[in-house]
Amino acid sequence: MHVQRRVLRRSAHVNVGIATGPAGLLVVDLDLPKSGDSPGTLVGQTELTELGVRAGREVPSTDTVCTPSGGWHL
């Protein structure tokens with residue numbers, strides 16, 4: 001942890017990875033279409049919301065992080 005803090009202090013542009021399985025976490029990655037994607041490429045947030053509607057469930061609120069490309073990690 002000491003090394004991680006030193007690295008984070010030196011650069012605000014580093015990514016931090018977490019081994020989600022051992023940590024007991026599930027991460028959902030909701031992407032946006034990228035330039036060059038086929039027309040009709042799905043938008044992650046829209047698809048998750050529609051999946052919830054079809055299942056008769058609301059997507060629960062949780063911690064979220066905006067990704068550099070404009071998507072979301074839940």
# chains A, B, ... in the order shown; residues from 1 in each chain; ligands from 1
call {"tool": "residues_around", "arguments": {"residues": "A:Glu47", "least_positions_apart": "2", "cutoff": "12 Å", "atoms": "only C-alpha atoms", "output": "list of chain:residue names"}}
result
A:Val28, A:Asp29, A:Leu30, A:Asp31, A:Leu32, A:Thr41, A:Leu42, A:Val43, A:Gly44, A:Gln45, A:Thr49, A:Glu50, A:Leu51, A:Gly52, A:Val53, A:Arg54, A:Val59
call {"tool": "closest_residue", "arguments": {"among": "A:Leu25, A:Ser35, A:Arg6, A:Thr46", "to": "A:Ser69", "atoms": "only C-alpha atoms"}}
result
A:Ser35
call {"tool": "atom_distance", "arguments": {"atom1": "atom CA of A:Lys34", "atom2": "atom CA of A:Pro68"}}
result
12.2 Å
call {"tool": "atom_distance", "arguments": {"atom1": "atom CA of A:Ser61", "atom2": "atom CA of A:Gly40"}}
result
27.3 Å
call {"tool": "select_by_dssp", "arguments": {"residues": "chain A", "states": "helix (DSSP H, G or I)", "output": "JSON, numbers by chain"}}
result
{"A": [2, 3, 4, 5, 6, 7, 8, 9, 10, 20, 21, 22, 23, 44, 45, 46, 47, 48, 49, 50, 51, 52, 53, 54]}
call {"tool": "write_last_selection", "arguments": {"atoms": "C-alpha atoms", "output": "tab-separated table (two decimals), in the first residue's frame"}}
result
chain	number	residue	atom	x	y	z
A	2	HIS	CA	2.91	2.37	0.75
A	3	VAL	CA	4.24	2.01	-2.81
A	4	GLN	CA	0.78	2.61	-4.27
A	5	ARG	CA	0.38	5.88	-2.39
A	6	ARG	CA	3.78	7.10	-3.59
A	7	VAL	CA	2.89	6.29	-7.20
A	8	LEU	CA	-0.51	7.99	-6.94
A	9	ARG	CA	1.05	11.13	-5.48
A	10	ARG	CA	3.46	11.39	-8.41
A	20	THR	CA	-12.17	-8.15	-8.19
A	21	GLY	CA	-12.71	-11.88	-7.64
A	22	PRO	CA	-10.54	-12.20	-4.53
A	23	ALA	CA	-11.95	-8.89	-3.27
A	44	GLY	CA	-23.87	0.19	-22.22
A	45	GLN	CA	-25.97	2.34	-19.85
A	46	THR	CA	-29.00	2.19	-22.14
A	47	GLU	CA	-28.71	-1.57	-22.51
A	48	LEU	CA	-28.39	-2.14	-18.76
A	49	THR	CA	-31.45	0.01	-18.08
A	50	GLU	CA	-33.47	-1.82	-20.77
A	51	LEU	CA	-32.34	-5.17	-19.39
A	52	GLY	CA	-33.66	-4.12	-15.99
A	53	VAL	CA	-36.99	-3.09	-17.50
A	54	ARG	CA	-37.34	-6.42	-19.32
call {"tool": "atom_distance", "arguments": {"atom1": "atom CA of A:Val65", "atom2": "atom CA of A:Asn15"}}
result
12.0 Å
call {"tool": "select_by_dssp", "arguments": {"residues": "stretch 3-74 of chain A", "states": "strand (DSSP E or B)", "output": "NGL selection string"}}
result
:A and (29-30 or 65-66 or 72-73)
call {"tool": "decode", "arguments": {"residues": "stretch 48-62 of chain A", "atoms": "all heavy atoms", "output": "CSV table (one decimal), in the first residue's frame"}}
result
chain,number,residue,atom,x,y,z
A,48,LEU,N,-28.2,-1.7,-20.1
A,48,LEU,CA,-28.4,-2.1,-18.8
A,48,LEU,C,-29.8,-1.7,-18.2
A,48,LEU,O,-30.5,-2.5,-17.6
A,48,LEU,CB,-27.3,-1.6,-17.8
A,48,LEU,CG,-27.4,-2.1,-16.4
A,48,LEU,CD1,-27.3,-3.6,-16.3
A,48,LEU,CD2,-26.3,-1.4,-15.5
A,49,THR,N,-30.1,-0.5,-18.5
A,49,THR,CA,-31.5,0.0,-18.1
A,49,THR,C,-32.6,-0.8,-18.7
A,49,THR,O,-33.5,-1.2,-18.1
A,49,THR,CB,-31.6,1.5,-18.4
A,49,THR,OG1,-30.6,2.2,-17.7
A,49,THR,CG2,-33.0,2.0,-18.0
A,50,GLU,N,-32.4,-1.0,-20.1
A,50,GLU,CA,-33.5,-1.8,-20.8
A,50,GLU,C,-33.5,-3.3,-20.3
A,50,GLU,O,-34.6,-3.8,-20.2
A,50,GLU,CB,-33.2,-1.7,-22.3
A,50,GLU,CG,-33.5,-0.4,-22.8
A,50,GLU,CD,-33.3,-0.3,-24.3
A,50,GLU,OE1,-33.0,-1.3,-25.0
A,50,GLU,OE2,-33.4,0.9,-24.8
A,51,LEU,N,-32.4,-3.8,-19.9
A,51,LEU,CA,-32.3,-5.2,-19.4
A,51,LEU,C,-33.1,-5.2,-18.1
A,51,LEU,O,-33.9,-6.1,-17.8
A,51,LEU,CB,-30.9,-5.6,-19.2
A,51,LEU,CG,-30.7,-7.0,-18.6
A,51,LEU,CD1,-31.3,-8.1,-19.5
A,51,LEU,CD2,-29.2,-7.3,-18.3
A,52,GLY,N,-32.9,-4.2,-17.2
A,52,GLY,CA,-33.7,-4.1,-16.0
A,52,GLY,C,-35.2,-4.0,-16.2
A,52,GLY,O,-35.9,-4.7,-15.5
A,53,VAL,N,-35.6,-3.2,-17.2
A,53,VAL,CA,-37.0,-3.1,-17.5
A,53,VAL,C,-37.6,-4.4,-17.9
A,53,VAL,O,-38.6,-4.9,-17.5
A,53,VAL,CB,-37.2,-2.0,-18.6
A,53,VAL,CG1,-38.6,-2.0,-19.1
A,53,VAL,CG2,-36.9,-0.6,-18.0
A,54,ARG,N,-36.9,-5.1,-18.8
A,54,ARG,CA,-37.3,-6.4,-19.3
A,54,ARG,C,-37.4,-7.4,-18.2
A,54,ARG,O,-38.3,-8.3,-18.2
A,54,ARG,CB,-36.4,-6.9,-20.4
A,54,ARG,CG,-36.6,-6.2,-21.7
A,54,ARG,CD,-36.0,-7.0,-22.9
A,54,ARG,NE,-34.6,-7.2,-22.7
A,54,ARG,CZ,-33.6,-6.5,-23.2
A,54,ARG,NH1,-33.9,-5.4,-23.9
A,54,ARG,NH2,-32.3,-6.8,-23.0
A,55,ALA,N,-36.5,-7.3,-17.2
A,55,ALA,CA,-36.5,-8.3,-16.1
A,55,ALA,C,-37.5,-7.8,-15.0
A,55,ALA,O,-37.7,-8.5,-14.0
A,55,ALA,CB,-35.1,-8.4,-15.5
A,56,GLY,N,-38.1,-6.6,-15.1
A,56,GLY,CA,-39.0,-6.1,-14.1
A,56,GLY,C,-38.2,-5.6,-12.9
A,56,GLY,O,-38.8,-5.6,-11.8
A,57,ARG,N,-37.0,-5.2,-13.1
A,57,ARG,CA,-36.2,-4.8,-12.0
A,57,ARG,C,-35.6,-3.4,-12.3
A,57,ARG,O,-35.3,-3.1,-13.4
A,57,ARG,CB,-35.0,-5.8,-11.7
A,57,ARG,CG,-35.4,-7.2,-11.4
A,57,ARG,CD,-35.9,-7.2,-10.0
A,57,ARG,NE,-35.9,-8.5,-9.5
A,57,ARG,CZ,-35.1,-8.9,-8.4
A,57,ARG,NH1,-34.4,-8.0,-7.8
A,57,ARG,NH2,-35.2,-10.1,-8.0
A,58,GLU,N,-35.3,-2.7,-11.2
A,58,GLU,CA,-34.6,-1.4,-11.4
A,58,GLU,C,-33.1,-1.7,-11.1
A,58,GLU,O,-32.8,-2.5,-10.2
A,58,GLU,CB,-35.1,-0.4,-10.4
A,58,GLU,CG,-34.7,1.0,-10.6
A,58,GLU,CD,-35.5,1.9,-9.7
A,58,GLU,OE1,-36.7,1.9,-9.8
A,58,GLU,OE2,-34.8,2.7,-9.0
A,59,VAL,N,-32.2,-1.0,-11.8
A,59,VAL,CA,-30.8,-1.2,-11.6
A,59,VAL,C,-30.5,-0.5,-10.3
A,59,VAL,O,-30.8,0.7,-10.1
A,59,VAL,CB,-30.0,-0.5,-12.7
A,59,VAL,CG1,-28.5,-0.6,-12.4
A,59,VAL,CG2,-30.3,-1.2,-14.1
A,60,PRO,N,-30.0,-1.2,-9.3
A,60,PRO,CA,-29.7,-0.6,-8.0
A,60,PRO,C,-28.6,0.5,-8.0
A,60,PRO,O,-27.8,0.4,-8.9
A,60,PRO,CB,-29.3,-1.8,-7.1
A,60,PRO,CG,-28.8,-2.8,-8.1
A,60,PRO,CD,-29.5,-2.6,-9.4
A,61,SER,N,-28.7,1.4,-7.1
A,61,SER,CA,-27.7,2.4,-7.0
A,61,SER,C,-26.4,1.8,-6.4
A,61,SER,O,-26.5,0.9,-5.6
A,61,SER,CB,-28.1,3.6,-6.2
A,61,SER,OG,-28.5,3.3,-4.9
A,62,THR,N,-25.3,2.2,-6.9
A,62,THR,CA,-24.0,1.7,-6.4
A,62,THR,C,-22.9,2.7,-6.6
A,62,THR,O,-23.2,3.7,-7.2
A,62,THR,CB,-23.7,0.3,-7.1
A,62,THR,OG1,-22.6,-0.3,-6.5
A,62,THR,CG2,-23.5,0.5,-8.6
